[in-house]
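Undergrad: Quick one: the structure is below, questions incoming.
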Amino acid sequence: MTTDILTSKCPDYILKWEQIKEPVFSCPFHEPFCHATHSVLQVVFDDPQPENFDVKVFDGSNGSSIPVTIKSTDTTDTLIKMYRQMNPKLQGNLHLAYNGKHVPKHKSMRELGVKPGAMFITYQKCTGG
């Protein structure tokens with residue numbers, strides 16, 4: 001009955017029923033990402049770095065600069081320990097800055113992009129008002 005009503009109201013149109021096929025898309029990405037809803041890729045530039053290289057640690061309180069030999073896998077925590085061994089009179093909380101920014105203690109030199117001859121600056125945070 002529905003077909004009779006449709007054809008009577010639309011006599012100029014020819015009703016044709018076709019089977020709709022699902023479109024086939026080729027996956028232009030890496031196969032595991034085809035059905036993913038969200039993914040994150042981290043770009044890592046693996047520049048050839050020497051295993052051991054020299055950096056300088058600048059002490060802003062007295063203006064001295066101490067060269068330290070480190071590995072590219074060392075963390076900034078390791079660099080602070082090495083610096084404290086060379087300069088044991090420093091006490092308190094010691095922080096490092098690199099390229100004008102605070103350096104987290106768990107980051108490795110490779111993650112920070114430290115190159116031979118780089119300079120770290122020491123500073124201490126004063127607590128209080």
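By convention in this document, the chains of the structure tokens carry letters A, B, ... by their order, each chain's residues are numbered from 1, and ligands are numbered from 1 in the order they are shown.
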Report as a VMD selection string all protein, DNA and RNA residues lying within 12 Å of Ile70 of chain A, evaluated on only C-alpha atoms, omitting residues in the same chain fewer than 5 positions from it.

TA: chain A and resid 49 to 57 75 to 83 108 to 110 114 to 118

Undergrad: Determine which residues of segment 47-109 of chain A DSSP labels as alpha helix (DSSP H) from the backbone of this structure, then write them out as a list in words.

TA: Thr76, Asp77, Thr78, Leu79, Ile80, Lys81, Met82, Tyr83, Arg84, Gln85, Met86 and Met109 of chain A

Undergrad: Mind giving me the straight-line distance from atom CA of Tyr98 of chain A to atom CA of Tyr123 of chain A in Å, one decimal?

TA: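 Result for atom CA of Tyr98 of chain A versus atom CA of Tyr123 of chain A: 11.1 Å, one decimal.
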
Undergrad: Report the distance between atom CA of Phe58 of chain A and atom CA of Thr122 of chain A in Å, rounded to one decimal place.

TA: 6.2 Å

Undergrad: Please list as a count of residues only every residue within 7 Å of Ala97 of chain A, counting only C-alpha atoms and excluding residues in the same chain fewer than 5 positions away.

TA: 5

Undergrad: When you look at Cys126 of chain A with a cut-off of 12 Å (counting only C-alpha atoms), what residues show up, excluding the ones that are within fewer than 3 positions of it in the same chain? I need them as a PDB file with C-alpha atoms, in the first residue's frame.

TA:
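Below you can see part38.pdb, which holds the result:
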```pdb
ATOM      1  CA  GLY A  92      71.082  23.582  50.159  1.00  0.00           C
ATOM      2  CA  ASN A  93      68.874  22.976  47.179  1.00  0.00           C
ATOM      3  CA  LEU A  94      70.805  23.317  43.935  1.00  0.00           C
ATOM      4  CA  HIS A  95      68.963  23.709  40.619  1.00  0.00           C
ATOM      5  CA  TYR A 123      70.775  28.695  41.096  1.00  0.00           C
ATOM      6  CA  GLY A 129      58.231  35.632  51.853  1.00  0.00           C
TER       7      GLY A 129
END
```
